[in-house]
Amino acid sequence: MPEGHTIHRLAAEHQRVFGGRAVTAASPQGRFADGARLITGRTLERADAYGKHLLLGFGGELTVHVHLGIYGKYTIAGGPPPAPWGAVRLRLTADGGYADLRGPNACEILDPGAVARLRDRLGPD
């Protein structure tokens, strides 16, 4: 299972590739299709690591919560994305790069209240 330093690195990479940019989101696998539609066209305002949880804030009101669990993996790279391979739960694209998320334990949209409850449940980072 990825440790906190891995999640901090992923948050920094998301901020570098997508920060301040409008993203296009897709769910080639289909399990996050509704969430992808909600964030498409929104700007990534912040990417935070909280323990083993990655929080991607879009537009101040929607946050994508990712917990990689044991099997979750990210591919983040510059340039145009290749054709999806495997079970890509979430693909983010913007000028200059893409990110593919596969096999996470959690990938969900949270509103501000749900983010607060998650942080309260987890306690101090």
# chains A, B, ... in the order shown; residues from 1 in each chain; ligands from 1
$ residues_around --residues "region 106-122 of chain A" --least-positions-apart "2" --cutoff "10 Å" --atoms "only C-alpha atoms" --output "PDB file with C-alpha atoms, in the first residue's frame"
ATOM      1  CA  ARG A  31     -17.148   3.125 -12.929  1.00  0.00           C
ATOM      2  CA  PHE A  32     -16.491   6.876 -12.462  1.00  0.00           C
ATOM      3  CA  ASP A  34     -20.813  10.382 -13.464  1.00  0.00           C
ATOM      4  CA  GLY A  35     -17.951  11.898 -11.484  1.00  0.00           C
ATOM      5  CA  ALA A  36     -15.926  12.493 -14.647  1.00  0.00           C
ATOM      6  CA  LEU A  38     -19.051  16.610 -13.044  1.00  0.00           C
ATOM      7  CA  ILE A  39     -15.413  17.731 -13.176  1.00  0.00           C
ATOM      8  CA  TYR A  50      -3.899  13.913   3.674  1.00  0.00           C
ATOM      9  CA  GLY A  51      -2.427  10.751   5.110  1.00  0.00           C
ATOM     10  CA  LYS A  52      -2.939   8.148   2.383  1.00  0.00           C
ATOM     11  CA  HIS A  53      -5.729  10.154   0.766  1.00  0.00           C
ATOM     12  CA  LEU A  54      -5.353  12.324  -2.340  1.00  0.00           C
ATOM     13  CA  LEU A  55      -7.794  15.241  -2.559  1.00  0.00           C
ATOM     14  CA  LEU A  56      -8.148  17.077  -5.886  1.00  0.00           C
ATOM     15  CA  GLY A  57     -10.137  20.295  -5.495  1.00  0.00           C
ATOM     16  CA  GLY A  60     -14.123  25.114  -4.621  1.00  0.00           C
ATOM     17  CA  GLU A  61     -17.168  22.881  -4.395  1.00  0.00           C
ATOM     18  CA  LEU A  62     -16.151  19.485  -5.752  1.00  0.00           C
ATOM     19  CA  THR A  63     -13.274  17.338  -4.572  1.00  0.00           C
ATOM     20  CA  VAL A  64     -12.126  14.065  -6.081  1.00  0.00           C
ATOM     21  CA  HIS A  65     -11.093  11.768  -3.228  1.00  0.00           C
ATOM     22  CA  VAL A  66      -8.684   8.958  -4.122  1.00  0.00           C
ATOM     23  CA  HIS A  67      -7.380   6.253  -1.833  1.00  0.00           C
ATOM     24  CA  LEU A  68      -5.100   3.897  -3.732  1.00  0.00           C
ATOM     25  CA  GLY A  69      -5.434   0.981  -1.334  1.00  0.00           C
ATOM     26  CA  GLY A  72      -4.219   1.439  -7.023  1.00  0.00           C
ATOM     27  CA  ARG A  89     -11.061   4.356 -13.587  1.00  0.00           C
ATOM     28  CA  LEU A  90     -10.215   8.031 -14.131  1.00  0.00           C
ATOM     29  CA  LEU A 101      -5.828   6.031 -12.316  1.00  0.00           C
ATOM     30  CA  ARG A 102      -6.239   2.269 -12.130  1.00  0.00           C
ATOM     31  CA  GLY A 103      -7.516   0.014  -9.353  1.00  0.00           C
ATOM     32  CA  PRO A 104      -8.046   2.455  -6.459  1.00  0.00           C
ATOM     33  CA  PRO A 124      -4.390  15.070  12.284  1.00  0.00           C
ATOM     34  CA  ASP A 125      -2.156  14.272   9.316  1.00  0.00           C
TER      35      ASP A 125
END
$ select_by_dssp --residues "region 8-91 of chain A" --states "strand (DSSP E or B)" --output "VMD selection string"
chain A and resid 19 22 24 to 26 43 to 50 53 to 58 62 to 67 73 to 78 88 to 91
$ select_by_dssp --residues "chain A" --states "alpha helix (DSSP H)" --output "ChimeraX atom specification"
/A:4-18,33-39,112-122
$ write_last_selection --atoms "N, CA, C and O atoms" --output "short mmCIF file (atom, residue, chain, number, x, y, z; two decimals), in the first residue's frame"
data_model
loop_
_atom_site.label_atom_id
_atom_site.label_comp_id
_atom_site.auth_asym_id
_atom_site.auth_seq_id
_atom_site.Cartn_x
_atom_site.Cartn_y
_atom_site.Cartn_z
N GLY A 4 2.42 7.71 2.83
CA GLY A 4 2.13 9.13 2.71
C GLY A 4 3.03 9.88 1.75
O GLY A 4 2.57 10.75 1.01
N HIS A 5 4.33 9.55 1.73
CA HIS A 5 5.24 10.28 0.84
C HIS A 5 4.86 10.08 -0.63
O HIS A 5 5.02 10.98 -1.45
N THR A 6 4.33 8.91 -0.97
CA THR A 6 3.89 8.65 -2.34
C THR A 6 2.70 9.53 -2.68
O THR A 6 2.62 10.09 -3.78
N ILE A 7 1.78 9.69 -1.75
CA ILE A 7 0.59 10.51 -1.98
C ILE A 7 0.99 11.98 -2.09
O ILE A 7 0.45 12.72 -2.93
N HIS A 8 1.95 12.42 -1.29
CA HIS A 8 2.44 13.80 -1.40
C HIS A 8 3.07 14.03 -2.77
O HIS A 8 2.88 15.09 -3.38
N ARG A 9 3.81 13.06 -3.28
CA ARG A 9 4.41 13.17 -4.61
C ARG A 9 3.32 13.25 -5.68
O ARG A 9 3.38 14.07 -6.60
N LEU A 10 2.29 12.41 -5.56
CA LEU A 10 1.20 12.44 -6.52
C LEU A 10 0.45 13.78 -6.48
O LEU A 10 0.07 14.31 -7.53
N ALA A 11 0.26 14.33 -5.29
CA ALA A 11 -0.40 15.64 -5.19
C ALA A 11 0.44 16.70 -5.89
O ALA A 11 -0.08 17.52 -6.65
N ALA A 12 1.76 16.68 -5.68
CA ALA A 12 2.64 17.66 -6.32
C ALA A 12 2.63 17.48 -7.85
O ALA A 12 2.62 18.48 -8.59
N GLU A 13 2.61 16.25 -8.33
CA GLU A 13 2.56 16.01 -9.77
C GLU A 13 1.24 16.50 -10.37
O GLU A 13 1.23 17.10 -11.44
N HIS A 14 0.13 16.25 -9.69
CA HIS A 14 -1.16 16.75 -10.17
C HIS A 14 -1.15 18.28 -10.22
O HIS A 14 -1.63 18.87 -11.18
N GLN A 15 -0.59 18.90 -9.20
CA GLN A 15 -0.55 20.36 -9.17
C GLN A 15 0.32 20.88 -10.32
O GLN A 15 -0.04 21.86 -10.98
N ARG A 16 1.43 20.23 -10.57
CA ARG A 16 2.34 20.66 -11.64
C ARG A 16 1.70 20.51 -13.02
O ARG A 16 1.75 21.40 -13.85
N VAL A 17 1.05 19.38 -13.26
CA VAL A 17 0.50 19.08 -14.59
C VAL A 17 -0.86 19.76 -14.82
O VAL A 17 -1.14 20.24 -15.91
N PHE A 18 -1.70 19.81 -13.78
CA PHE A 18 -3.08 20.27 -13.96
C PHE A 18 -3.44 21.54 -13.20
O PHE A 18 -4.51 22.10 -13.46
N ALA A 33 -17.91 7.36 -14.39
CA ALA A 33 -18.42 8.18 -15.49
C ALA A 33 -19.19 9.40 -14.99
O ALA A 33 -19.00 10.51 -15.51
N ASP A 34 -20.05 9.24 -13.98
CA ASP A 34 -20.81 10.38 -13.46
C ASP A 34 -19.89 11.42 -12.85
O ASP A 34 -20.05 12.62 -13.07
N GLY A 35 -18.92 10.97 -12.08
CA GLY A 35 -17.95 11.90 -11.48
C GLY A 35 -17.12 12.62 -12.53
O GLY A 35 -16.85 13.82 -12.42
N ALA A 36 -16.72 11.89 -13.57
CA ALA A 36 -15.93 12.49 -14.65
C ALA A 36 -16.71 13.61 -15.33
O ALA A 36 -16.16 14.67 -15.63
N ARG A 37 -18.02 13.38 -15.55
CA ARG A 37 -18.84 14.42 -16.16
C ARG A 37 -18.92 15.66 -15.28
O ARG A 37 -18.94 16.79 -15.78
N LEU A 38 -18.95 15.47 -13.97
CA LEU A 38 -19.05 16.61 -13.04
C LEU A 38 -17.81 17.50 -13.05
O LEU A 38 -17.91 18.71 -12.85
N ILE A 39 -16.64 16.91 -13.25
CA ILE A 39 -15.41 17.73 -13.18
C ILE A 39 -14.88 18.17 -14.53
O ILE A 39 -14.01 19.05 -14.59
N PRO A 112 -17.88 19.86 0.07
CA PRO A 112 -17.07 20.37 1.20
C PRO A 112 -17.39 19.72 2.54
O PRO A 112 -16.50 19.46 3.35
N GLY A 113 -18.66 19.45 2.81
CA GLY A 113 -19.03 18.80 4.08
C GLY A 113 -18.45 17.40 4.19
O GLY A 113 -17.98 17.00 5.26
N ALA A 114 -18.48 16.66 3.11
CA ALA A 114 -17.93 15.30 3.12
C ALA A 114 -16.41 15.31 3.29
O ALA A 114 -15.85 14.45 3.96
N VAL A 115 -15.74 16.31 2.70
CA VAL A 115 -14.29 16.44 2.90
C VAL A 115 -13.99 16.71 4.36
O VAL A 115 -13.09 16.11 4.95
N ALA A 116 -14.76 17.61 4.99
CA ALA A 116 -14.57 17.92 6.41
C ALA A 116 -14.78 16.67 7.27
O ALA A 116 -14.01 16.41 8.20
N ARG A 117 -15.82 15.91 6.96
CA ARG A 117 -16.07 14.68 7.73
C ARG A 117 -14.93 13.68 7.56
O ARG A 117 -14.53 13.00 8.51
N LEU A 118 -14.40 13.56 6.34
CA LEU A 118 -13.27 12.66 6.09
C LEU A 118 -12.07 13.08 6.93
O LEU A 118 -11.46 12.25 7.63
N ARG A 119 -11.74 14.35 6.90
CA ARG A 119 -10.59 14.85 7.68
C ARG A 119 -10.81 14.65 9.18
O ARG A 119 -9.89 14.28 9.90
N ASP A 120 -12.04 14.91 9.65
CA ASP A 120 -12.33 14.72 11.06
C ASP A 120 -12.18 13.26 11.46
O ASP A 120 -11.66 12.96 12.54
N ARG A 121 -12.64 12.37 10.60
CA ARG A 121 -12.56 10.93 10.88
C ARG A 121 -11.12 10.46 10.95
O ARG A 121 -10.76 9.63 11.76
N LEU A 122 -10.28 11.03 10.05
CA LEU A 122 -8.88 10.61 9.98
C LEU A 122 -8.04 11.20 11.09
O LEU A 122 -7.01 10.64 11.46
#
$ residues_around --residues "Gly79 (chain A)" --least-positions-apart "6" --cutoff "9 Å" --atoms "only C-alpha atoms" --output "JSON list (two decimals) with C-alpha atoms, in the first residue's frame"
[["chain", "number", "residue", "atom", "x", "y", "z"],
["A", 95, "ASP", "CA", -2.71, 20.97, -22.07],
["A", 96, "GLY", "CA", 0.62, 19.36, -21.39],
["A", 97, "GLY", "CA", -0.29, 16.05, -19.83],
["A", 98, "TYR", "CA", -2.54, 13.28, -18.61]]
$ closest_residue --among "A:Pro28, A:Asn105, A:Gly20, A:Tyr71" --to "Gly86 (chain A)" --atoms "only C-alpha atoms"
A:Pro28
$ atom_distance --atom1 "CA of Arg21 (chain A)" --atom2 "CA of Asp100 (chain A)"
16.9 Å
$ closest_residue --among "A:Gln29, A:Thr40, A:Thr24, A:Thr75" --to "Ala94 (chain A)" --atoms "only C-alpha atoms"
A:Thr24
$ residues_around --residues "Arg42 (chain A)" --least-positions-apart "4" --cutoff "7 Å" --atoms "only C-alpha atoms" --output "list of chain:residue names"
A:Ala22, A:Val23, A:Phe58, A:Gly59
$ decode --residues "region 8-108 of chain A" --atoms "C-alpha atoms" --output "compact mmCIF listing (two decimals), in the first residue's frame"
# COMPACT_ATOMS: atom_id res chain seq x y z
CA HIS A 8 2.44 13.80 -1.40
CA ARG A 9 4.41 13.17 -4.61
CA LEU A 10 1.20 12.44 -6.52
CA ALA A 11 -0.40 15.64 -5.19
CA ALA A 12 2.64 17.66 -6.32
CA GLU A 13 2.56 16.01 -9.77
CA HIS A 14 -1.16 16.75 -10.17
CA GLN A 15 -0.55 20.36 -9.17
CA ARG A 16 2.34 20.66 -11.64
CA VAL A 17 0.50 19.08 -14.59
CA PHE A 18 -3.08 20.27 -13.96
CA GLY A 19 -2.95 23.12 -11.44
CA GLY A 20 -4.78 26.20 -12.68
CA ARG A 21 -5.93 24.40 -15.83
CA ALA A 22 -9.34 23.21 -16.92
CA VAL A 23 -9.34 19.44 -17.22
CA THR A 24 -11.17 16.92 -19.30
CA ALA A 25 -12.10 13.85 -17.30
CA ALA A 26 -13.14 10.44 -18.56
CA SER A 27 -13.74 7.02 -17.11
CA PRO A 28 -12.83 4.50 -19.82
CA GLN A 29 -13.74 1.70 -17.40
CA GLY A 30 -17.11 3.36 -16.73
CA ARG A 31 -17.15 3.13 -12.93
CA PHE A 32 -16.49 6.88 -12.46
CA ALA A 33 -18.42 8.18 -15.49
CA ASP A 34 -20.81 10.38 -13.46
CA GLY A 35 -17.95 11.90 -11.48
CA ALA A 36 -15.93 12.49 -14.65
CA ARG A 37 -18.84 14.42 -16.16
CA LEU A 38 -19.05 16.61 -13.04
CA ILE A 39 -15.41 17.73 -13.18
CA THR A 40 -14.91 18.01 -16.95
CA GLY A 41 -14.26 21.65 -17.81
CA ARG A 42 -13.46 22.61 -14.20
CA THR A 43 -10.12 23.98 -13.08
CA LEU A 44 -7.92 22.08 -10.64
CA GLU A 45 -7.48 24.59 -7.83
CA ARG A 46 -5.52 22.41 -5.44
CA ALA A 47 -4.10 18.94 -4.97
CA ASP A 48 -3.60 17.88 -1.36
CA ALA A 49 -2.29 14.79 0.37
CA TYR A 50 -3.90 13.91 3.67
CA GLY A 51 -2.43 10.75 5.11
CA LYS A 52 -2.94 8.15 2.38
CA HIS A 53 -5.73 10.15 0.77
CA LEU A 54 -5.35 12.32 -2.34
CA LEU A 55 -7.79 15.24 -2.56
CA LEU A 56 -8.15 17.08 -5.89
CA GLY A 57 -10.14 20.30 -5.49
CA PHE A 58 -12.12 21.57 -8.46
CA GLY A 59 -13.94 24.88 -8.41
CA GLY A 60 -14.12 25.11 -4.62
CA GLU A 61 -17.17 22.88 -4.40
CA LEU A 62 -16.15 19.48 -5.75
CA THR A 63 -13.27 17.34 -4.57
CA VAL A 64 -12.13 14.06 -6.08
CA HIS A 65 -11.09 11.77 -3.23
CA VAL A 66 -8.68 8.96 -4.12
CA HIS A 67 -7.38 6.25 -1.83
CA LEU A 68 -5.10 3.90 -3.73
CA GLY A 69 -5.43 0.98 -1.33
CA ILE A 70 -3.27 -2.02 -2.15
CA TYR A 71 -3.75 -2.17 -5.92
CA GLY A 72 -4.22 1.44 -7.02
CA LYS A 73 -1.71 2.94 -9.44
CA TYR A 74 -1.26 6.26 -11.20
CA THR A 75 0.42 7.02 -14.50
CA ILE A 76 1.11 10.75 -14.92
CA ALA A 77 2.98 11.97 -17.97
CA GLY A 78 3.38 14.86 -20.35
CA GLY A 79 2.11 14.95 -23.88
CA PRO A 80 -0.98 13.43 -25.39
CA PRO A 81 -2.36 10.32 -23.70
CA PRO A 82 -2.09 6.92 -25.34
CA ALA A 83 -5.16 4.77 -25.92
CA PRO A 84 -6.39 3.56 -22.52
CA TRP A 85 -5.19 0.13 -21.52
CA GLY A 86 -6.37 -1.90 -18.58
CA ALA A 87 -9.15 -0.72 -16.30
CA VAL A 88 -8.65 3.07 -16.22
CA ARG A 89 -11.06 4.36 -13.59
CA LEU A 90 -10.22 8.03 -14.13
CA ARG A 91 -8.31 9.78 -16.88
CA LEU A 92 -7.54 13.49 -16.52
CA THR A 93 -6.17 15.42 -19.48
CA ALA A 94 -5.17 19.05 -19.96
CA ASP A 95 -2.71 20.97 -22.07
CA GLY A 96 0.62 19.36 -21.39
CA GLY A 97 -0.29 16.05 -19.83
CA TYR A 98 -2.54 13.28 -18.61
CA ALA A 99 -3.09 11.10 -15.55
CA ASP A 100 -4.56 7.60 -15.54
CA LEU A 101 -5.83 6.03 -12.32
CA ARG A 102 -6.24 2.27 -12.13
CA GLY A 103 -7.52 0.01 -9.35
CA PRO A 104 -8.05 2.45 -6.46
CA ASN A 105 -9.79 1.49 -3.26
CA ALA A 106 -11.77 4.76 -3.46
CA CYS A 107 -12.40 7.26 -6.25
CA GLU A 108 -15.36 9.49 -5.48
